[in-house]
Every structure is written in structure tokens, then in C-alpha cells.
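Visitor: Please find final32.txt (compact mmCIF, C-alpha atoms and all ligand atoms) on the next line:
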# COMPACT_ATOMS: atom_id res chain seq x y z
CA MET A 1 -12.76 -19.10 24.90
CA LYS A 2 -12.96 -16.07 22.60
CA THR A 3 -10.59 -16.08 19.65
CA MET A 4 -9.20 -13.47 17.29
CA LEU A 5 -7.09 -13.18 14.17
CA ALA A 6 -3.42 -12.21 14.46
CA ALA A 7 -0.52 -11.84 12.02
CA ARG A 8 2.19 -14.14 13.38
CA LEU A 9 5.86 -14.32 12.66
CA VAL A 10 6.78 -18.01 12.49
CA CYS A 11 10.16 -17.84 10.77
CA ALA A 12 12.04 -14.83 9.39
CA GLY A 13 11.98 -14.80 5.62
CA GLU A 14 8.67 -16.65 5.45
CA PRO A 15 5.31 -14.89 5.00
CA LEU A 16 3.46 -13.77 8.13
CA ARG A 17 0.78 -16.28 9.00
CA ILE A 18 -2.77 -15.18 9.83
CA GLU A 19 -3.78 -17.41 12.73
CA GLU A 20 -6.79 -17.73 14.96
CA ILE A 21 -5.55 -17.52 18.55
CA PRO A 22 -7.17 -16.79 21.93
CA VAL A 23 -7.96 -13.14 22.73
CA PRO A 24 -5.35 -12.27 25.39
CA GLU A 25 -6.60 -12.07 28.95
CA PRO A 26 -5.42 -8.77 30.50
CA GLY A 27 -3.53 -9.19 33.76
CA PRO A 28 -4.53 -7.22 36.90
CA ASP A 29 -2.58 -4.12 35.85
CA GLU A 30 -3.19 -4.51 32.12
CA VAL A 31 -5.70 -3.38 29.54
CA LEU A 32 -7.02 -5.14 26.46
CA VAL A 33 -6.89 -2.81 23.45
CA GLU A 34 -9.06 -3.33 20.38
CA VAL A 35 -6.53 -2.43 17.68
CA ARG A 36 -7.77 0.08 15.10
CA ALA A 37 -4.46 0.78 13.38
CA CYS A 38 -0.98 -0.72 13.54
CA GLY A 39 1.90 0.70 11.52
CA LEU A 40 4.81 -1.30 10.16
CA CYS A 41 8.39 -0.07 10.29
CA GLY A 42 11.98 -0.95 9.43
CA THR A 43 12.31 -2.94 12.65
CA ASP A 44 9.58 -5.28 11.41
CA LEU A 45 11.63 -5.86 8.27
CA HIS A 46 14.67 -6.75 10.38
CA LEU A 47 12.52 -9.15 12.42
CA ALA A 48 10.37 -10.77 9.76
CA VAL A 49 12.24 -10.44 6.47
CA ALA A 50 15.99 -10.18 7.10
CA GLY A 51 15.95 -12.03 10.41
CA ASP A 52 18.90 -10.02 11.77
CA LEU A 53 17.09 -8.86 14.91
CA PRO A 54 16.04 -11.49 17.45
CA VAL A 55 12.57 -12.36 18.73
CA GLU A 56 12.14 -13.95 22.13
CA ARG A 57 10.01 -16.81 20.79
CA THR A 58 8.08 -17.93 17.74
CA PRO A 59 5.37 -17.78 16.71
CA ILE A 60 4.92 -14.23 17.93
CA THR A 61 2.38 -11.61 16.91
CA LEU A 62 4.20 -8.75 15.19
CA GLY A 63 3.41 -5.02 15.55
CA HIS A 64 4.62 -2.31 17.94
CA GLU A 65 3.14 0.90 16.48
CA ALA A 66 -0.53 0.85 17.39
CA ALA A 67 -3.61 2.71 18.54
CA GLY A 68 -7.10 1.57 19.42
CA VAL A 69 -9.82 1.50 22.05
CA VAL A 70 -9.71 0.00 25.54
CA ALA A 71 -12.04 -3.03 25.38
CA ALA A 72 -11.42 -4.47 28.86
CA LYS A 73 -9.13 -3.98 31.83
CA GLY A 74 -7.73 -5.74 34.83
CA ARG A 75 -8.90 -4.89 38.35
CA ASP A 76 -5.85 -2.75 39.19
CA ALA A 77 -5.80 -0.78 35.92
CA ALA A 78 -7.21 2.38 37.50
CA THR A 79 -5.78 4.96 35.10
CA VAL A 80 -7.90 4.00 32.07
CA ARG A 81 -11.55 3.32 31.32
CA GLU A 82 -13.20 1.02 28.82
CA GLY A 83 -13.86 2.96 25.62
CA ASP A 84 -10.81 5.22 26.05
CA ARG A 85 -8.90 5.97 22.85
CA VAL A 86 -5.27 5.05 23.47
CA ALA A 87 -1.97 4.37 21.76
CA LEU A 88 0.60 1.83 22.84
CA PHE A 89 4.03 2.92 23.96
CA PRO A 90 5.96 0.64 21.55
CA ALA A 91 7.44 -1.40 24.39
CA ALA A 92 5.96 -2.51 27.69
CA SER A 93 8.42 -0.67 29.94
CA CYS A 94 8.67 -1.68 33.61
CA GLY A 95 7.89 1.71 35.15
CA ALA A 96 10.22 1.01 38.07
CA CYS A 97 13.85 0.90 36.91
CA ARG A 98 16.04 4.01 37.25
CA PHE A 99 15.57 4.90 33.58
CA CYS A 100 11.77 4.60 33.69
CA VAL A 101 11.69 6.66 36.88
CA ALA A 102 13.77 9.33 35.12
CA GLY A 103 11.39 9.40 32.15
CA ARG A 104 13.89 7.65 29.88
CA GLU A 105 11.69 4.69 28.97
CA SER A 106 13.74 4.06 25.83
CA LEU A 107 16.48 2.68 28.11
CA CYS A 108 14.24 0.61 30.42
CA ASP A 109 16.14 -2.33 31.91
CA ARG A 110 13.17 -4.68 31.55
CA SER A 111 11.59 -3.31 28.39
CA LYS A 112 9.54 -5.79 26.36
CA VAL A 113 9.00 -4.56 22.82
CA TYR A 114 5.73 -5.67 21.26
CA GLY A 115 6.35 -8.11 18.45
CA MET A 116 9.81 -8.95 19.81
CA ALA A 117 9.49 -9.89 23.46
CA ARG A 118 5.69 -10.10 23.82
CA ASP A 119 2.77 -10.43 21.43
CA GLY A 120 2.24 -7.27 19.41
CA ALA A 121 -0.62 -5.36 17.87
CA LEU A 122 -0.87 -6.82 14.39
CA ALA A 123 -4.02 -8.51 15.67
CA GLU A 124 -7.59 -7.70 16.56
CA TYR A 125 -6.61 -7.23 20.20
CA VAL A 126 -3.44 -6.67 22.20
CA ALA A 127 -2.84 -6.74 25.96
CA ALA A 128 -0.70 -3.94 27.40
CA PRO A 129 0.26 -2.67 30.87
CA ALA A 130 -2.11 0.18 31.74
CA ARG A 131 0.86 2.41 32.62
CA SER A 132 2.27 2.12 29.11
CA VAL A 133 -0.77 3.20 27.12
CA ILE A 134 -1.02 6.86 26.17
CA PRO A 135 -4.29 8.78 25.83
CA LEU A 136 -5.03 9.57 22.17
CA PRO A 137 -6.80 12.93 21.72
CA ASP A 138 -10.13 12.80 19.84
CA ALA A 139 -8.72 15.16 17.21
CA ILE A 140 -6.14 12.59 16.08
CA PRO A 141 -7.26 9.64 13.91
CA PHE A 142 -6.13 6.16 14.94
CA ASP A 143 -3.77 5.69 11.97
CA ILE A 144 -1.93 8.96 12.62
CA GLY A 145 -1.91 8.24 16.35
CA ALA A 146 -0.37 4.83 15.67
CA VAL A 147 2.49 5.93 13.40
CA ALA A 148 3.26 8.90 15.65
CA THR A 149 4.28 6.53 18.47
CA ASP A 150 7.33 5.31 16.59
CA GLY A 151 7.72 6.61 13.03
CA VAL A 152 7.41 10.20 14.23
CA ALA A 153 8.45 9.90 17.88
CA THR A 154 11.78 8.25 16.98
CA PRO A 155 13.10 11.21 14.93
CA PHE A 156 11.54 13.63 17.43
CA HIS A 157 13.48 11.97 20.26
CA ALA A 158 16.65 11.96 18.14
CA LEU A 159 16.43 15.64 17.23
CA ARG A 160 15.14 17.02 20.52
CA THR A 161 16.48 14.82 23.31
CA ARG A 162 19.64 13.33 21.84
CA GLY A 163 20.59 15.97 19.27
CA ALA A 164 19.52 18.94 21.46
CA LEU A 165 18.50 20.84 18.33
CA ARG A 166 18.23 24.58 18.86
CA ALA A 167 16.47 27.14 16.68
CA GLY A 168 18.77 28.62 14.07
CA GLU A 169 20.93 25.51 13.63
CA THR A 170 21.47 23.63 10.37
CA VAL A 171 20.26 20.02 10.11
CA GLY A 172 20.99 17.23 7.66
CA VAL A 173 18.73 14.19 7.35
CA PHE A 174 20.43 11.14 5.84
CA GLY A 175 17.81 8.72 4.56
CA CYS A 176 14.37 10.19 3.95
CA GLY A 177 12.08 7.18 4.31
CA GLY A 178 9.62 6.62 7.14
CA LEU A 179 11.80 8.21 9.84
CA GLY A 180 13.70 10.79 7.81
CA THR A 181 10.58 12.25 6.20
CA HIS A 182 9.25 13.08 9.65
CA ALA A 183 12.67 14.32 10.76
CA VAL A 184 12.51 16.95 8.01
CA GLN A 185 9.11 18.14 9.24
CA ILE A 186 10.17 18.19 12.89
CA ALA A 187 13.46 19.98 12.20
CA ARG A 188 11.47 22.70 10.43
CA LEU A 189 9.00 22.87 13.28
CA MET A 190 11.84 23.19 15.82
CA GLY A 191 13.29 26.17 14.01
CA ALA A 192 16.17 24.76 11.97
CA ALA A 193 17.69 27.48 9.81
CA CYS A 194 18.32 25.05 6.97
CA VAL A 195 17.28 21.43 6.45
CA VAL A 196 19.28 19.30 4.02
CA ALA A 197 17.68 16.06 2.82
CA VAL A 198 19.98 13.30 1.55
CA ASP A 199 18.67 10.17 -0.17
CA THR A 200 19.36 8.08 -3.26
CA ASP A 201 15.67 7.79 -4.17
CA PRO A 202 14.35 10.71 -6.26
CA ALA A 203 10.79 10.25 -4.96
CA ALA A 204 12.00 10.52 -1.35
CA LEU A 205 13.86 13.75 -2.18
CA VAL A 206 10.82 15.25 -3.91
CA ARG A 207 8.68 14.45 -0.86
CA ALA A 208 11.30 15.84 1.55
CA SER A 209 11.39 19.08 -0.42
CA ALA A 210 7.59 19.31 -0.41
CA LEU A 211 7.63 18.86 3.38
CA GLY A 212 10.14 21.64 3.95
CA ALA A 213 13.69 20.55 3.11
CA ASP A 214 15.65 23.53 1.78
CA LEU A 215 18.17 21.44 -0.10
CA ALA A 216 17.79 17.90 -1.49
CA LEU A 217 20.95 15.99 -2.41
CA ASP A 218 21.49 12.59 -4.01
CA PRO A 219 24.92 11.22 -2.99
CA ARG A 220 25.15 9.39 -6.32
CA GLU A 221 25.00 12.70 -8.15
CA ALA A 222 26.59 15.21 -5.80
CA ASP A 223 29.57 15.33 -3.44
CA VAL A 224 27.28 15.85 -0.46
CA ALA A 225 29.97 16.74 2.09
CA ARG A 226 31.59 19.29 -0.21
CA GLU A 227 28.22 20.80 -1.13
CA VAL A 228 27.16 21.08 2.51
CA ARG A 229 30.48 22.68 3.51
CA ARG A 230 30.39 25.08 0.57
CA ARG A 231 26.83 26.24 1.25
CA LEU A 232 26.62 26.01 5.04
CA GLY A 233 30.13 25.60 6.37
CA GLY A 234 29.06 22.21 7.80
CA LEU A 235 26.04 20.93 9.69
CA ASP A 236 25.26 21.55 13.34
CA LEU A 237 23.23 18.36 13.51
CA ALA A 238 23.26 15.34 11.21
CA LEU A 239 20.59 12.66 11.64
CA GLU A 240 21.41 9.25 10.20
CA CYS A 241 18.31 7.13 9.53
CA VAL A 242 19.77 4.34 7.39
CA GLY A 243 22.02 2.29 9.67
CA ALA A 244 24.82 1.78 7.13
CA ALA A 245 28.54 2.43 7.69
CA GLU A 246 28.83 4.70 4.66
CA THR A 247 25.87 6.92 5.59
CA VAL A 248 27.15 7.32 9.15
CA ALA A 249 30.57 8.25 7.74
CA LEU A 250 28.95 10.70 5.31
CA ALA A 251 26.88 12.28 8.09
CA VAL A 252 30.01 12.78 10.22
CA ARG A 253 31.95 14.22 7.25
CA CYS A 254 29.21 16.82 6.78
CA LEU A 255 29.52 18.13 10.35
CA GLY A 256 30.90 21.55 11.09
CA LYS A 257 32.75 22.55 14.24
CA GLY A 258 30.79 21.50 17.31
CA GLY A 259 28.51 19.37 15.16
CA ARG A 260 26.61 16.32 16.44
CA ALA A 261 25.79 13.24 14.40
CA VAL A 262 22.82 11.33 15.82
CA VAL A 263 22.45 7.78 14.56
CA VAL A 264 18.97 6.26 14.54
CA GLY A 265 19.56 3.54 11.96
CA VAL A 266 20.41 0.14 13.42
CA GLY A 267 22.13 -2.92 12.01
CA PRO A 268 25.41 -4.79 12.09
CA ALA A 269 27.41 -1.96 10.43
CA ARG A 270 30.70 -0.80 12.02
CA PRO A 271 31.27 2.78 10.97
CA GLU A 272 34.68 4.41 11.38
CA LEU A 273 35.41 7.70 13.12
CA PRO A 274 37.39 10.42 11.34
CA PRO A 275 41.01 10.98 12.43
CA LEU A 276 41.00 12.08 16.07
CA ALA A 277 42.97 15.19 15.22
CA SER A 278 39.95 16.57 13.35
CA PHE A 279 37.20 14.87 15.36
CA VAL A 280 38.49 15.94 18.80
CA GLY A 281 39.84 19.30 17.69
CA ARG A 282 36.47 20.21 16.18
CA GLU A 283 34.52 18.96 19.23
CA GLN A 284 32.28 16.73 17.22
CA ALA A 285 30.03 14.04 18.63
CA VAL A 286 28.46 10.83 17.43
CA LEU A 287 25.43 9.75 19.47
CA GLY A 288 23.07 6.82 19.32
CA SER A 289 19.35 7.45 19.65
CA PHE A 290 17.06 4.55 20.39
CA GLY A 291 13.29 4.78 20.13
CA MET A 292 11.51 7.36 22.21
CA ASP A 293 10.30 8.26 25.68
CA ARG A 294 6.66 8.49 26.65
CA ARG A 295 7.02 12.25 26.88
CA ASP A 296 7.95 12.41 23.18
CA ILE A 297 4.66 10.79 22.15
CA GLU A 298 2.60 12.96 24.50
CA ASP A 299 4.21 16.13 23.17
CA LEU A 300 3.75 15.01 19.57
CA TYR A 301 0.04 14.47 20.18
CA ARG A 302 -0.14 18.02 21.51
CA LEU A 303 1.56 19.34 18.37
CA VAL A 304 -0.65 17.31 16.01
CA ALA A 305 -3.90 18.12 17.85
CA ALA A 306 -3.00 21.83 17.81
CA GLY A 307 -2.45 21.75 14.05
CA ARG A 308 1.27 22.54 14.35
CA LEU A 309 2.41 19.27 12.83
CA ASP A 310 0.57 17.92 9.78
CA LEU A 311 0.97 14.16 9.41
CA SER A 312 -1.76 13.77 6.80
CA ALA A 313 0.83 12.70 4.18
CA SER A 314 2.34 10.04 6.45
CA ILE A 315 0.01 7.12 5.68
CA SER A 316 0.98 5.78 2.27
CA ALA A 317 -1.22 2.67 2.22
CA ARG A 318 -3.76 0.81 4.36
CA TYR A 319 -4.32 -2.93 4.53
CA PRO A 320 -6.80 -5.21 6.29
CA LEU A 321 -5.32 -7.67 8.79
CA ALA A 322 -5.71 -10.55 6.33
CA GLN A 323 -3.23 -8.76 4.07
CA ALA A 324 -0.66 -7.95 6.76
CA ASP A 325 2.01 -9.81 4.84
CA ALA A 326 1.28 -7.81 1.68
CA ALA A 327 1.72 -4.66 3.79
CA LEU A 328 5.10 -5.92 4.95
CA ARG A 329 6.16 -6.73 1.37
CA ARG A 330 5.14 -3.24 0.28
CA LEU A 331 7.43 -1.76 2.93
CA ALA A 332 10.20 -4.23 2.07
CA GLY A 333 10.07 -3.06 -1.55
CA ARG A 334 11.67 0.18 -0.31
CA ASP A 335 10.00 2.24 -2.98
CA GLY A 336 10.60 5.89 -2.22
CA GLY A 337 6.88 6.67 -2.36
CA VAL A 338 6.22 4.90 0.94
CA VAL A 339 6.35 6.76 4.26
CA ARG A 340 4.29 4.46 6.47
CA VAL A 341 1.91 1.57 5.81
CA VAL A 342 -0.76 0.70 8.35
CA VAL A 343 -2.84 -2.39 8.97
CA GLU A 344 -6.41 -1.84 10.17
CA PRO A 345 -7.61 -5.00 11.94
CA HIS A 346 -11.13 -3.62 12.42
CA GLY A 347 -11.48 -1.84 9.09
CA GLU A 348 -12.40 1.81 8.84
CA LEU A 349 -14.40 2.10 12.04
CA PRO A 350 -15.31 5.58 13.27
ZN ZN B 401 9.29 0.62 14.82
ZN ZN B 402 12.07 0.31 33.30
When written as C-alpha cells, how does the structure in this file appear?

Guide:
Amino acid sequence: MKTMLAARLVCAGEPLRIEEIPVPEPGPDEVLVEVRACGLCGTDLHLAVAGDLPVERTPITLGHEAAGVVAAKGRDAATVREGDRVALFPAASCGACRFCVAGRESLCDRSKVYGMARDGALAEYVAAPARSVIPLPDAIPFDIGAVATDGVATPFHALRTRGALRAGETVGVFGCGGLGTHAVQIARLMGAACVVAVDTDPAALVRASALGADLALDPREADVAREVRRRLGGLDLALECVGAAETVALAVRCLGKGGRAVVVGVGPARPELPPLASFVGREQAVLGSFGMDRRDIEDLYRLVAAGRLDLSASISARYPLAQADAALRRLAGRDGGVVRVVVEPHGELP
């Protein structure tokens, strides 16, 4: 039996364990992907550090943001070939439920997120249904291809599909870490008339400004809602990337008439709505946005390959698989300099 190394979550709050386990055997409709890059994200912190999101079993191999090369495939996996460059859709969606059929894979009834409900990609190899891998264009490196599937696709989905952002609108991004940084770039790309970045970390605000934010505000130093109303008359679209009650409330307070607040951040917080007299009378909306659809990733790859979207500043640090836990700690440190960290189980292969 062939074996491989994998970074396994044994117990939340404890370090990830590098274990030697069997290389997964792809099922008839599955492929085996040799992982070249796997990003880490806030969800991994919830799973492995805070322990406030559940995993189906332990130990489980972490990692849901990955790209690599098809190393083997099952007999029914007709849509891919060995040697194909691919990325993983971050969850193995079923392909058959009414949401999958409608192209809303983020809502799949039988979705199995890698690293939560099935073994993930923080390993030398990962098995995935052939239908849920996405071709990765040659022009896009594996690390960029990996983080685009989640760290970039999540804000893209939130702004485009859920927020229905239209050119000429004003956008606020609350929390400018791994998701919010990309939200600033995408809002610019989609034609926002003004992008306001809000964060308490000066480094995150400097980066957001460098990537196109027109206004950078620190809520500890400025009355953000008053400033936004004074300058813009309120936001058309507010994107909340933190998952805290006070940032959701702040995002809603910054909305103008007809404004939409899209919440991407998750957690146990219970935010409050404003008084109905103002909320209803001003036709405001608060929407949840969860993950992404396959279409979001495909369209992002088109934008990156065409040179429209530059993600070259998105990879803040790279780690070998043996140091996967150090990568996780780096992300957990929440230093504003970090956008995305990636683990490269096969080193810097071409
Ligand atoms: Zn993620
Ligand atoms: Zn489904």
C-alpha cells in the first residue's frame, strides 16, 4: 500500500499532526489529485484552533483551498485526464440536488467540505469527485489557483451574486484580511464608484488602499458611519467579513437608502437589526453569503488569466507540508500583513 504525509486535525486547540497515511484510492467517479498548493483560511482556524465549527470525525486531514495535478482517476471519471492541472471546488457537492442543478453549489444539500466532512488537501494527495474539480489555466500558478477557489471566490460571490453590485455604486468592506482584501480588488474591478475599507489594523488599511480602496477608516479612530454618511450619503453595498455582532451592526448603520449589507463572516454572533421604522422605510437588506458557486471560480480564472485581476500580492507566506501547523499559527496570529498563507506539499515544482 502506498502511503503519503498529511496534516491531520486530531483535536481542536492542539497542533496539527503530520501523519503517514494511505494514499486515498479514487472511487469510480473520482480523481486523485497530487496537491501542489493548499491555502489556509479563517474556517481552518474555527476548525483547528477555536473548535467552534464541527468536523464529522477525527482525525481528519484539513484543507479545502487547493490546486494540483490529476495523478490517477477512476474508470467513470471521463471529464478529466491524468496530468490535467485542476483546482478543487472547496466542497464535494453532489451534482444532483436542486441547488447543484441550478448552479448554486454553495447550497448543496449533500455538500461535503474538505477538511470538515471528508479528508482535505493538506496532504500530498487528495481524492475528489471528478465533477467537482475545475480546470486550472496554464497561465495561473498553483498557489494563486488554490487561494482563488475560496479566499477570492467567496468575496466575488458575495459582491456579485448576493450583493448584486452594479457599476457606479458605493461599497464598504468591513474587515480587510484574507477575504476583505480581495473584496476591495473585486469591487474596483466591478466598477464601484467608491470603495471604503474599514479595519482596526493599520497594515490592513495600508494594503487595502494600495489595492484600490478610496477611503480607509479605522473604527477606533473615526466615527465610520458618520464619515460614510457625510462623504457618500451612505453605502449601496456593505460587505461584512468579520463575523462579529458589532461589525454587522456597523455595516448596517453605514447603509444608505436601498442599501444591502452582505455578511460573509461566520460565528456564533447574534447581531441586532436597526429599528424597523428606519430599516423597512429605507428598504435595506441584510443577506448571508456562504462560500461560492463553481461558476464564480471559473469566471475568476478567466479574469486572472486575462490579466484583469492581479492576485500576485495575495500569497503572504509559503510553508512545506511538515510545517503546516506553523502556517496555521501564522494565520491565527492575525497580523495585518497576512492575506493568505499556502502550504506546498510537493515543494516548488514547475
Ligand atoms: Zn475557506
Ligand atoms: Zn447538491

Visitor: Using all atoms listed in the file, what table do you get, as a Markdown table, when you list each residue of chain A with an atom no more than 8 Å from ligand ZN 401 (chain B), its nearest pair of atoms, and their distance in Å rounded to one decimal, rows by chain then rising number?

Guide:
| residue | atom | partner | partner_atom | distance |
| --- | --- | --- | --- | --- |
| A:Leu40 | CA | B:ZN401 | ZN | 6.7 |
| A:Cys41 | CA | B:ZN401 | ZN | 4.7 |
| A:Gly42 | CA | B:ZN401 | ZN | 6.2 |
| A:Thr43 | CA | B:ZN401 | ZN | 5.1 |
| A:Asp44 | CA | B:ZN401 | ZN | 6.8 |
| A:His64 | CA | B:ZN401 | ZN | 6.3 |
| A:Glu65 | CA | B:ZN401 | ZN | 6.4 |
| A:Pro90 | CA | B:ZN401 | ZN | 7.5 |
| A:Asp150 | CA | B:ZN401 | ZN | 5.4 |
| A:Gly151 | CA | B:ZN401 | ZN | 6.4 |
| A:Gly291 | CA | B:ZN401 | ZN | 7.8 |

Visitor: Using only C-alpha atoms and all ligand atoms, pick whichever of A:Val262, A:Val35, A:Cys97, A:Ala48 has the shortest atom-to-atom distance to ligand ZN 402 (chain B).

Guide: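 Checking each candidate against ligand ZN 402 (chain B), we get A:Cys97 as the closest.
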
Visitor: Which residues are near Phe99 of chain A? Cut-off 12 Å, all atoms listed in the file, ignore same chain within fewer than 2 positions. Put them as a PyMOL selection string.

Guide: chain A and resi 93-97+101-111+293-294

Visitor: Write out as a short mmCIF file (atom, residue, chain, number, x, y, z; two decimals) with C-alpha atoms, keeping the file's coordinate frame the residues lying within 12 Å of Arg295 of chain A, counting all atoms listed in the file and excluding same-chain residues fewer than 5 positions away.

Guide:
data_model
loop_
_atom_site.label_atom_id
_atom_site.label_comp_id
_atom_site.auth_asym_id
_atom_site.auth_seq_id
_atom_site.Cartn_x
_atom_site.Cartn_y
_atom_site.Cartn_z
CA PHE A 89 4.03 2.92 23.96
CA CYS A 100 11.77 4.60 33.69
CA ALA A 102 13.77 9.33 35.12
CA GLY A 103 11.39 9.40 32.15
CA ARG A 104 13.89 7.65 29.88
CA GLU A 105 11.69 4.69 28.97
CA SER A 106 13.74 4.06 25.83
CA SER A 132 2.27 2.12 29.11
CA VAL A 133 -0.77 3.20 27.12
CA ILE A 134 -1.02 6.86 26.17
CA PRO A 135 -4.29 8.78 25.83
CA THR A 149 4.28 6.53 18.47
CA ALA A 153 8.45 9.90 17.88
CA THR A 154 11.78 8.25 16.98
CA PHE A 156 11.54 13.63 17.43
CA HIS A 157 13.48 11.97 20.26
CA ARG A 160 15.14 17.02 20.52
CA THR A 161 16.48 14.82 23.31
CA LEU A 300 3.75 15.01 19.57
CA TYR A 301 0.04 14.47 20.18
CA ARG A 302 -0.14 18.02 21.51
#

Visitor: Under the rule that all atoms listed in the file are counted, which of A:Arg8, A:Ala87, A:Ala92, A:Asp143 is the nearest residue to ligand ZN 402 (chain B)?

Guide: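 Looking only at the distances to ligand ZN 402 (chain B), the closest residue turns out to be A:Ala92.
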
Visitor: Step by step: locate segment 147-176 of chain A in the block above, keep N, CA and C atoms, then write the file as a PDB file, in the first residue's frame.

Guide:
ATOM      1  N   VAL A 147      -5.797  29.681  -3.846  1.00  0.00           N
ATOM      2  CA  VAL A 147      -6.462  30.671  -2.978  1.00  0.00           C
ATOM      3  C   VAL A 147      -7.658  31.311  -3.686  1.00  0.00           C
ATOM      4  N   ALA A 148      -7.644  31.304  -5.027  1.00  0.00           N
ATOM      5  CA  ALA A 148      -8.786  31.877  -5.749  1.00  0.00           C
ATOM      6  C   ALA A 148     -10.063  31.092  -5.475  1.00  0.00           C
ATOM      7  N   THR A 149      -9.950  29.781  -5.203  1.00  0.00           N
ATOM      8  CA  THR A 149     -11.160  28.959  -5.061  1.00  0.00           C
ATOM      9  C   THR A 149     -12.010  29.364  -3.865  1.00  0.00           C
ATOM     10  N   ASP A 150     -11.386  29.975  -2.871  1.00  0.00           N
ATOM     11  CA  ASP A 150     -12.128  30.307  -1.662  1.00  0.00           C
ATOM     12  C   ASP A 150     -11.852  31.755  -1.233  1.00  0.00           C
ATOM     13  N   GLY A 151     -10.591  32.070  -0.984  1.00  0.00           N
ATOM     14  CA  GLY A 151     -10.246  33.408  -0.494  1.00  0.00           C
ATOM     15  C   GLY A 151     -10.645  34.525  -1.442  1.00  0.00           C
ATOM     16  N   VAL A 152     -10.719  34.229  -2.733  1.00  0.00           N
ATOM     17  CA  VAL A 152     -11.129  35.238  -3.708  1.00  0.00           C
ATOM     18  C   VAL A 152     -12.562  34.973  -4.174  1.00  0.00           C
ATOM     19  N   ALA A 153     -12.906  33.700  -4.350  1.00  0.00           N
ATOM     20  CA  ALA A 153     -14.253  33.372  -4.845  1.00  0.00           C
ATOM     21  C   ALA A 153     -15.339  33.729  -3.825  1.00  0.00           C
ATOM     22  N   THR A 154     -15.019  33.648  -2.537  1.00  0.00           N
ATOM     23  CA  THR A 154     -16.028  33.967  -1.515  1.00  0.00           C
ATOM     24  C   THR A 154     -16.463  35.437  -1.582  1.00  0.00           C
ATOM     25  N   PRO A 155     -15.523  36.400  -1.594  1.00  0.00           N
ATOM     26  CA  PRO A 155     -15.986  37.789  -1.758  1.00  0.00           C
ATOM     27  C   PRO A 155     -16.566  38.070  -3.148  1.00  0.00           C
ATOM     28  N   PHE A 156     -16.090  37.377  -4.160  1.00  0.00           N
ATOM     29  CA  PHE A 156     -16.649  37.546  -5.509  1.00  0.00           C
ATOM     30  C   PHE A 156     -18.124  37.142  -5.513  1.00  0.00           C
ATOM     31  N   HIS A 157     -18.415  35.988  -4.925  1.00  0.00           N
ATOM     32  CA  HIS A 157     -19.793  35.501  -4.817  1.00  0.00           C
ATOM     33  C   HIS A 157     -20.646  36.493  -4.012  1.00  0.00           C
ATOM     34  N   ALA A 158     -20.069  37.000  -2.925  1.00  0.00           N
ATOM     35  CA  ALA A 158     -20.817  37.916  -2.051  1.00  0.00           C
ATOM     36  C   ALA A 158     -21.150  39.219  -2.767  1.00  0.00           C
ATOM     37  N   LEU A 159     -20.192  39.747  -3.514  1.00  0.00           N
ATOM     38  CA  LEU A 159     -20.411  41.033  -4.189  1.00  0.00           C
ATOM     39  C   LEU A 159     -21.283  40.870  -5.422  1.00  0.00           C
ATOM     40  N   ARG A 160     -21.006  39.827  -6.215  1.00  0.00           N
ATOM     41  CA  ARG A 160     -21.694  39.692  -7.498  1.00  0.00           C
ATOM     42  C   ARG A 160     -23.054  39.014  -7.355  1.00  0.00           C
ATOM     43  N   THR A 161     -23.060  37.809  -6.785  1.00  0.00           N
ATOM     44  CA  THR A 161     -24.304  37.037  -6.752  1.00  0.00           C
ATOM     45  C   THR A 161     -25.244  37.515  -5.651  1.00  0.00           C
ATOM     46  N   ARG A 162     -24.743  37.635  -4.432  1.00  0.00           N
ATOM     47  CA  ARG A 162     -25.601  38.006  -3.319  1.00  0.00           C
ATOM     48  C   ARG A 162     -25.834  39.516  -3.264  1.00  0.00           C
ATOM     49  N   GLY A 163     -24.778  40.302  -3.398  1.00  0.00           N
ATOM     50  CA  GLY A 163     -24.907  41.747  -3.282  1.00  0.00           C
ATOM     51  C   GLY A 163     -25.408  42.421  -4.547  1.00  0.00           C
ATOM     52  N   ALA A 164     -25.353  41.712  -5.693  1.00  0.00           N
ATOM     53  CA  ALA A 164     -25.799  42.265  -6.983  1.00  0.00           C
ATOM     54  C   ALA A 164     -25.185  43.643  -7.229  1.00  0.00           C
ATOM     55  N   LEU A 165     -23.886  43.750  -6.995  1.00  0.00           N
ATOM     56  CA  LEU A 165     -23.182  45.022  -7.187  1.00  0.00           C
ATOM     57  C   LEU A 165     -23.269  45.494  -8.636  1.00  0.00           C
ATOM     58  N   ARG A 166     -23.623  46.760  -8.790  1.00  0.00           N
ATOM     59  CA  ARG A 166     -23.677  47.346 -10.126  1.00  0.00           C
ATOM     60  C   ARG A 166     -22.660  48.478 -10.230  1.00  0.00           C
ATOM     61  N   ALA A 167     -22.152  48.682 -11.441  1.00  0.00           N
ATOM     62  CA  ALA A 167     -21.177  49.757 -11.669  1.00  0.00           C
ATOM     63  C   ALA A 167     -21.765  51.078 -11.202  1.00  0.00           C
ATOM     64  N   GLY A 168     -20.923  51.888 -10.567  1.00  0.00           N
ATOM     65  CA  GLY A 168     -21.368  53.198 -10.105  1.00  0.00           C
ATOM     66  C   GLY A 168     -21.830  53.218  -8.666  1.00  0.00           C
ATOM     67  N   GLU A 169     -21.970  52.055  -8.028  1.00  0.00           N
ATOM     68  CA  GLU A 169     -22.422  52.014  -6.641  1.00  0.00           C
ATOM     69  C   GLU A 169     -21.243  52.194  -5.681  1.00  0.00           C
ATOM     70  N   THR A 170     -21.577  52.545  -4.438  1.00  0.00           N
ATOM     71  CA  THR A 170     -20.547  52.675  -3.404  1.00  0.00           C
ATOM     72  C   THR A 170     -20.522  51.407  -2.549  1.00  0.00           C
ATOM     73  N   VAL A 171     -19.307  50.987  -2.185  1.00  0.00           N
ATOM     74  CA  VAL A 171     -19.120  49.720  -1.471  1.00  0.00           C
ATOM     75  C   VAL A 171     -18.266  49.951  -0.234  1.00  0.00           C
ATOM     76  N   GLY A 172     -18.649  49.348   0.865  1.00  0.00           N
ATOM     77  CA  GLY A 172     -17.820  49.340   2.068  1.00  0.00           C
ATOM     78  C   GLY A 172     -17.384  47.920   2.362  1.00  0.00           C
ATOM     79  N   VAL A 173     -16.133  47.738   2.736  1.00  0.00           N
ATOM     80  CA  VAL A 173     -15.623  46.412   3.092  1.00  0.00           C
ATOM     81  C   VAL A 173     -15.203  46.458   4.554  1.00  0.00           C
ATOM     82  N   PHE A 174     -15.879  45.683   5.380  1.00  0.00           N
ATOM     83  CA  PHE A 174     -15.645  45.699   6.829  1.00  0.00           C
ATOM     84  C   PHE A 174     -14.817  44.482   7.209  1.00  0.00           C
ATOM     85  N   GLY A 175     -13.553  44.707   7.506  1.00  0.00           N
ATOM     86  CA  GLY A 175     -12.608  43.623   7.753  1.00  0.00           C
ATOM     87  C   GLY A 175     -11.808  43.370   6.494  1.00  0.00           C
ATOM     88  N   CYS A 176     -10.547  43.783   6.489  1.00  0.00           N
ATOM     89  CA  CYS A 176      -9.741  43.709   5.259  1.00  0.00           C
ATOM     90  C   CYS A 176      -8.599  42.714   5.402  1.00  0.00           C
TER      91      CYS A 176
END
